[in-house]
Amino acid sequence: MASKRQQEEGGKTDKKKKQKKCEEPAQLCSAVEDEHVKSAVKEAWSQGTRCSWGDLELDCNPFPHCIIKNFLASETFAENLQRELLELNFHEKSNDLYKFKQSDDLKKRTEPHIAGLRAALFGRFRSWLSEVLGVELEPTVDISCARYEYTDVLLCHDDELEGRRIAFILYLVPPWQSSDGGTLDMYTTDGNFQPQSIVKSLVPSWNTLVLFEVSPVSFHQVSEVLSQDKCRLSLSGWFHGQSLERPPRHVEPPIPRTPHLPRDETLLLEWVNPVYLDISYQEQIQEEFEDSSEIQLKDFLKEEKFRELSEALRHTQIQWMRRGPPNKRCYEVASQDTLPQCVSACWELLRSEAFFLLLSNFTGLRLHYLCPADDDDENEEKKEQEDTQDGGATGSSTESASENASREKELSTPVCCGELRRWSHGGYTLLHDGEAARAEYALDLVLPFGCSDWQSEFGGFTCYVANEEDEELLTVYPEDNSLALVYRDKETLKFVKHVNHKSSYDSAGSSTCRMFYDFSFVYYE
């Protein structure tokens, strides 16, 4: 038995030796080995100044970052590493923030050059970096490989997550120009630590390592890849350590909400397709809506009104303003003061009392006091009346039932808020913590224009997702003159998918400036 055990142990030792042998040592560039360079970089990092030494460059604008060219000393090692990475299995990753292909975690991969690089990065390079920063970095291995190809993108974010201290990217790309996209864009921030504008763009280059400090101001993006025949291959991850202190998150002021405008049904008769004003058809719509919490009403506006609006929205008198910040959204919104008369009239329609009542009839929601109450509401009102009567009999209340009902009605007056938006290449909205914290029951309305030739592959569609889950609950694609209504609860969030470069070309492959518009309103009971 002892002999057998020794053989087994001997076999295990041999296996370990074989595993060690299969790891190809990675030699790093001389700049990382030079003590003078290390001292200079350490001084510059602590002072927040610029430093350049051979293949190494440190810059602290707009936030501390370092670029090391020819990071791997051996060109052959870099080429073999690229080959091993391209042979990995990649998985499509797509949500509100990004679209690209990612490998599995590389923590335990045994390919010789992947293993060798991992050992070098999280071994002696981590020690070098720890000395430069004057911060203890943990041996935690956090690394993966990403492939960005045509229309892939990673939108504006700050990388902040508990434990992340330094982010890094090693590029293994073919000859690359800024016109190929895929640049690492860095943003300035305002006094509220919100990203403002791109002030620096780093073009990927072969065997170049970029690293930066993860902080409340480290907002960056990977711009959309525009090349149709190049692959932006990179290794990326984080060195972990004590996170920098984060200030309280900025809370945006919400879009102001207003009650309905006192306009009667003559407005509906002027604008809305008569089929949707038929009471029996409204009942059918409500039945379908109550079953699925969403519906699309095609040809909603009268044809002549829709054509008039479509033409007016292209009018040069409308002033369009970019709405941000880019870590939350990027699209254009119209200034109400500059809207042509018919566009203002449609805006008025969507805010009118008659339209609130029409929406109530479509959805069964209490968006108007004339909307019939459902059984639960009736029971609650009956109980309130009984409580009021009991209070009056004992002399404990001086308010009449009608005064109490009037006060309740005032407190629960339905309101709405809205925008007229313009969507083109680069437009999107993102999920964010502030939105999740303030989520509430609401009815979303979207009415698009100018999207007759819009394809789903362009992006620009609205996705509904469950909070903190990846699963998409519903996707609403823009469709001309199709009124989309979606009722969401406190656990449902939405985003508009990034409008990609494919939208910039027509069917013949010629460059075009394709865009569409929509009224986007939210109604609250």
# chains A, B, ... in the order shown; residues from 1 in each chain; ligands from 1
>>> closest_atom_pairs(of="region 239-259 of chain A", to="region 420-433 of chain A", cutoff="12 Å", atoms="only C-alpha atoms", output="CSV")
residue,atom,partner,partner_atom,distance
A:Arg249,CA,A:Asp433,CA,9.0
A:His250,CA,A:Asp433,CA,10.3
A:Val251,CA,A:Asp433,CA,9.7
A:Glu252,CA,A:Asp433,CA,11.2
>>> select_by_dssp(residues="region 107-182 of chain A", states="helix (DSSP H, G or I)", output="ChimeraX atom specification")
/A:112-133,178-180
>>> write_last_selection(atoms="N, CA and C atoms", output="mmCIF file, in the first residue's frame")
data_model
loop_
_atom_site.group_PDB
_atom_site.id
_atom_site.type_symbol
_atom_site.label_atom_id
_atom_site.label_comp_id
_atom_site.auth_asym_id
_atom_site.auth_seq_id
_atom_site.Cartn_x
_atom_site.Cartn_y
_atom_site.Cartn_z
ATOM 1 N N PRO A 112 0.121 27.899 -22.424
ATOM 2 C CA PRO A 112 1.437 28.367 -21.956
ATOM 3 C C PRO A 112 1.587 29.885 -21.874
ATOM 4 N N HIS A 113 1.176 30.585 -22.916
ATOM 5 C CA HIS A 113 1.411 32.025 -22.949
ATOM 6 C C HIS A 113 0.373 32.788 -22.130
ATOM 7 N N ILE A 114 -0.866 32.288 -22.086
ATOM 8 C CA ILE A 114 -1.878 32.902 -21.218
ATOM 9 C C ILE A 114 -1.451 32.752 -19.760
ATOM 10 N N ALA A 115 -1.019 31.554 -19.388
ATOM 11 C CA ALA A 115 -0.575 31.296 -18.015
ATOM 12 C C ALA A 115 0.658 32.127 -17.674
ATOM 13 N N GLY A 116 1.568 32.249 -18.639
ATOM 14 C CA GLY A 116 2.778 33.027 -18.402
ATOM 15 C C GLY A 116 2.500 34.503 -18.198
ATOM 16 N N LEU A 117 1.619 35.061 -19.026
ATOM 17 C CA LEU A 117 1.263 36.477 -18.872
ATOM 18 C C LEU A 117 0.557 36.707 -17.542
ATOM 19 N N ARG A 118 -0.375 35.823 -17.212
ATOM 20 C CA ARG A 118 -1.118 35.949 -15.940
ATOM 21 C C ARG A 118 -0.148 35.978 -14.762
ATOM 22 N N ALA A 119 0.828 35.075 -14.769
ATOM 23 C CA ALA A 119 1.806 35.019 -13.677
ATOM 24 C C ALA A 119 2.619 36.308 -13.600
ATOM 25 N N ALA A 120 2.988 36.847 -14.760
ATOM 26 C CA ALA A 120 3.787 38.080 -14.777
ATOM 27 C C ALA A 120 2.971 39.285 -14.316
ATOM 28 N N LEU A 121 1.734 39.375 -14.791
ATOM 29 C CA LEU A 121 0.881 40.515 -14.430
ATOM 30 C C LEU A 121 0.598 40.554 -12.934
ATOM 31 N N PHE A 122 0.147 39.430 -12.404
ATOM 32 C CA PHE A 122 -0.291 39.421 -11.008
ATOM 33 C C PHE A 122 0.837 39.011 -10.048
ATOM 34 N N GLY A 123 2.054 38.914 -10.598
ATOM 35 C CA GLY A 123 3.233 38.646 -9.780
ATOM 36 C C GLY A 123 4.094 39.882 -9.698
ATOM 37 N N ARG A 124 5.159 39.891 -10.504
ATOM 38 C CA ARG A 124 6.120 40.988 -10.371
ATOM 39 C C ARG A 124 5.580 42.327 -10.866
ATOM 40 N N PHE A 125 4.685 42.346 -11.892
ATOM 41 C CA PHE A 125 4.129 43.638 -12.320
ATOM 42 C C PHE A 125 3.218 44.224 -11.239
ATOM 43 N N ARG A 126 2.455 43.374 -10.576
ATOM 44 C CA ARG A 126 1.619 43.852 -9.463
ATOM 45 C C ARG A 126 2.491 44.467 -8.368
ATOM 46 N N SER A 127 3.620 43.828 -8.081
ATOM 47 C CA SER A 127 4.536 44.361 -7.065
ATOM 48 C C SER A 127 5.083 45.723 -7.497
ATOM 49 N N TRP A 128 5.478 45.829 -8.776
ATOM 50 C CA TRP A 128 5.970 47.107 -9.315
ATOM 51 C C TRP A 128 4.904 48.195 -9.171
ATOM 52 N N LEU A 129 3.683 47.849 -9.570
ATOM 53 C CA LEU A 129 2.582 48.808 -9.523
ATOM 54 C C LEU A 129 2.265 49.212 -8.086
ATOM 55 N N SER A 130 2.314 48.259 -7.184
ATOM 56 C CA SER A 130 2.050 48.531 -5.779
ATOM 57 C C SER A 130 3.057 49.538 -5.221
ATOM 58 N N GLU A 131 4.328 49.395 -5.619
ATOM 59 C CA GLU A 131 5.360 50.334 -5.169
ATOM 60 C C GLU A 131 5.142 51.720 -5.770
ATOM 61 N N VAL A 132 4.779 51.759 -7.037
ATOM 62 C CA VAL A 132 4.556 53.040 -7.709
ATOM 63 C C VAL A 132 3.404 53.804 -7.051
ATOM 64 N N LEU A 133 2.335 53.093 -6.725
ATOM 65 C CA LEU A 133 1.155 53.735 -6.133
ATOM 66 C C LEU A 133 1.310 53.994 -4.641
ATOM 67 N N SER A 178 -7.634 55.740 -35.782
ATOM 68 C CA SER A 178 -8.779 56.290 -35.041
ATOM 69 C C SER A 178 -10.071 56.132 -35.838
ATOM 70 N N SER A 179 -9.976 56.121 -37.180
ATOM 71 C CA SER A 179 -11.165 55.961 -38.025
ATOM 72 C C SER A 179 -11.770 54.557 -37.912
ATOM 73 N N ASP A 180 -11.023 53.608 -37.329
ATOM 74 C CA ASP A 180 -11.550 52.260 -37.109
ATOM 75 C C ASP A 180 -12.457 52.196 -35.874
#
>>> residues_around(residues="region 361-367 of chain A", least_positions_apart="2", cutoff="6 Å", atoms="only C-alpha atoms", output="number ranges by chain")
A: 282, 285-286, 289, 356, 358-359, 371, 414, 525
>>> write_last_selection(atoms="N, CA and C atoms", output="PDB file, in the first residue's frame")
ATOM      1  N   GLN A 282     -62.489  50.434 -27.616  1.00  0.00           N
ATOM      2  CA  GLN A 282     -61.689  50.781 -26.432  1.00  0.00           C
ATOM      3  C   GLN A 282     -61.772  49.675 -25.378  1.00  0.00           C
ATOM      4  N   ILE A 285     -59.436  46.944 -26.426  1.00  0.00           N
ATOM      5  CA  ILE A 285     -58.049  47.346 -26.157  1.00  0.00           C
ATOM      6  C   ILE A 285     -57.734  47.176 -24.682  1.00  0.00           C
ATOM      7  N   GLN A 286     -58.667  47.614 -23.831  1.00  0.00           N
ATOM      8  CA  GLN A 286     -58.438  47.510 -22.385  1.00  0.00           C
ATOM      9  C   GLN A 286     -58.311  46.061 -21.940  1.00  0.00           C
ATOM     10  N   PHE A 289     -54.890  44.959 -22.972  1.00  0.00           N
ATOM     11  CA  PHE A 289     -53.860  45.633 -22.186  1.00  0.00           C
ATOM     12  C   PHE A 289     -53.785  45.068 -20.771  1.00  0.00           C
ATOM     13  N   PHE A 356     -56.026  62.051 -21.272  1.00  0.00           N
ATOM     14  CA  PHE A 356     -55.915  61.308 -20.011  1.00  0.00           C
ATOM     15  C   PHE A 356     -57.080  60.333 -19.875  1.00  0.00           C
ATOM     16  N   LEU A 358     -58.914  59.146 -22.356  1.00  0.00           N
ATOM     17  CA  LEU A 358     -58.771  58.124 -23.393  1.00  0.00           C
ATOM     18  C   LEU A 358     -57.778  57.037 -22.938  1.00  0.00           C
ATOM     19  N   LEU A 359     -56.666  57.448 -22.340  1.00  0.00           N
ATOM     20  CA  LEU A 359     -55.699  56.481 -21.834  1.00  0.00           C
ATOM     21  C   LEU A 359     -56.309  55.623 -20.726  1.00  0.00           C
ATOM     22  N   CYS A 371     -62.917  57.830 -14.830  1.00  0.00           N
ATOM     23  CA  CYS A 371     -62.615  56.424 -15.095  1.00  0.00           C
ATOM     24  C   CYS A 371     -63.300  55.552 -14.060  1.00  0.00           C
ATOM     25  N   PRO A 414     -53.771  62.703 -11.215  1.00  0.00           N
ATOM     26  CA  PRO A 414     -52.875  62.128 -12.229  1.00  0.00           C
ATOM     27  C   PRO A 414     -52.013  63.221 -12.871  1.00  0.00           C
ATOM     28  N   GLU A 525     -50.696  57.684 -12.031  1.00  0.00           N
ATOM     29  CA  GLU A 525     -52.049  57.751 -11.472  1.00  0.00           C
ATOM     30  C   GLU A 525     -52.107  58.708 -10.285  1.00  0.00           C
TER      31      GLU A 525
END
>>> closest_atom_pairs(of="region 291-389 of chain A", to="region 443-466 of chain A", cutoff="12 Å", atoms="only C-alpha atoms", output="Markdown table")
| residue | atom | partner | partner_atom | distance |
| --- | --- | --- | --- | --- |
| A:Ser293 | CA | A:Leu443 | CA | 9.2 |
| A:Glu294 | CA | A:Leu443 | CA | 9.3 |
| A:Ile295 | CA | A:Leu445 | CA | 10.1 |
| A:Gln296 | CA | A:Val446 | CA | 9.5 |
| A:Leu297 | CA | A:Leu447 | CA | 9.6 |
| A:Lys298 | CA | A:Leu447 | CA | 10.0 |
| A:Asp299 | CA | A:Leu447 | CA | 10.3 |
| A:Phe300 | CA | A:Leu447 | CA | 8.8 |
| A:Leu301 | CA | A:Leu447 | CA | 9.6 |
| A:Lys305 | CA | A:Phe449 | CA | 11.6 |
| A:Phe306 | CA | A:Phe449 | CA | 8.1 |
| A:Arg307 | CA | A:Phe449 | CA | 9.2 |
| A:Glu308 | CA | A:Phe449 | CA | 10.8 |
| A:Leu309 | CA | A:Phe449 | CA | 8.1 |
| A:Ser310 | CA | A:Phe449 | CA | 6.0 |
| A:Glu311 | CA | A:Gly450 | CA | 9.0 |
| A:Ala312 | CA | A:Phe449 | CA | 10.6 |
| A:Leu313 | CA | A:Phe449 | CA | 8.4 |
| A:Arg314 | CA | A:Gly450 | CA | 9.2 |
| A:Cys330 | CA | A:Gly460 | CA | 11.5 |
| A:Tyr331 | CA | A:Gly460 | CA | 10.4 |
| A:Val343 | CA | A:Phe449 | CA | 11.7 |
| A:Cys346 | CA | A:Leu447 | CA | 10.6 |
| A:Trp347 | CA | A:Leu447 | CA | 11.1 |
| A:Leu350 | CA | A:Leu445 | CA | 9.4 |
| A:Arg351 | CA | A:Leu445 | CA | 11.6 |
| A:Phe355 | CA | A:Leu445 | CA | 11.9 |
| A:Phe356 | CA | A:Leu443 | CA | 11.2 |
| A:Leu359 | CA | A:Leu443 | CA | 9.3 |
| A:Ser360 | CA | A:Leu443 | CA | 10.4 |
| A:Phe362 | CA | A:Leu443 | CA | 11.3 |
| A:Thr363 | CA | A:Leu443 | CA | 9.0 |
| A:Gly364 | CA | A:Leu443 | CA | 11.1 |
| A:Leu365 | CA | A:Leu443 | CA | 8.7 |
| A:Arg366 | CA | A:Leu443 | CA | 10.9 |
| A:Leu367 | CA | A:Leu443 | CA | 9.8 |
>>> closest_atom_pairs(of="region 142-257 of chain A", to="region 82-95 of chain A", cutoff="9 Å", atoms="only C-alpha atoms", output="tab-separated table")
residue	atom	partner	partner_atom	distance
A:Cys145	CA	A:Leu85	CA	7.2
A:Ala146	CA	A:Phe90	CA	8.0
A:Arg147	CA	A:Phe90	CA	8.0
A:Leu172	CA	A:Gln82	CA	6.4
A:Val173	CA	A:Gln82	CA	8.7
A:Leu233	CA	A:Gln82	CA	8.1
A:Ser234	CA	A:Gln82	CA	8.9
A:Leu235	CA	A:Leu85	CA	8.9
>>> closest_residue(among="A:Gly181, A:Tyr281, A:Asp105, A:Pro262", to="Ala354 (chain A)", atoms="only C-alpha atoms")
A:Pro262
>>> atom_distance(atom1="CA of Phe219 (chain A)", atom2="CA of Arg50 (chain A)")
19.4 Å
>>> select_by_dssp(residues="region 58-270 of chain A", states="strand (DSSP E or B)", output="VMD selection string")
chain A and resid 58 to 59 65 to 68 72 90 to 94 98 to 103 137 143 to 148 153 to 157 164 to 171 181 184 to 189 195 to 202 208 to 213 220 to 222 225 232 to 241 258 261
>>> closest_residue(among="A:Pro25, A:Gly163, A:Pro195, A:Asp96", to="Glu472 (chain A)", atoms="only C-alpha atoms")
A:Asp96
>>> residues_around(residues="Glu419 (chain A)", least_positions_apart="6", cutoff="8 Å", atoms="only C-alpha atoms", output="MDAnalysis selection string")
chainID A and resid 333:334 519:521
>>> write_last_selection(atoms="C-alpha atoms", output="tab-separated table (two decimals), in the first residue's frame")
chain	number	residue	atom	x	y	z
A	333	VAL	CA	-34.43	66.74	-27.03
A	334	ALA	CA	-36.43	69.55	-28.66
A	519	PHE	CA	-42.88	61.76	-28.29
A	520	SER	CA	-41.98	60.05	-25.03
A	521	PHE	CA	-44.42	60.59	-22.14
>>> closest_residue(among="A:Leu184, A:Lys494, A:Gln228, A:Asp480", to="Asp518 (chain A)", atoms="only C-alpha atoms")
A:Asp480
>>> atom_distance(atom1="CA of Asp55 (chain A)", atom2="CA of Asn70 (chain A)")
7.0 Å
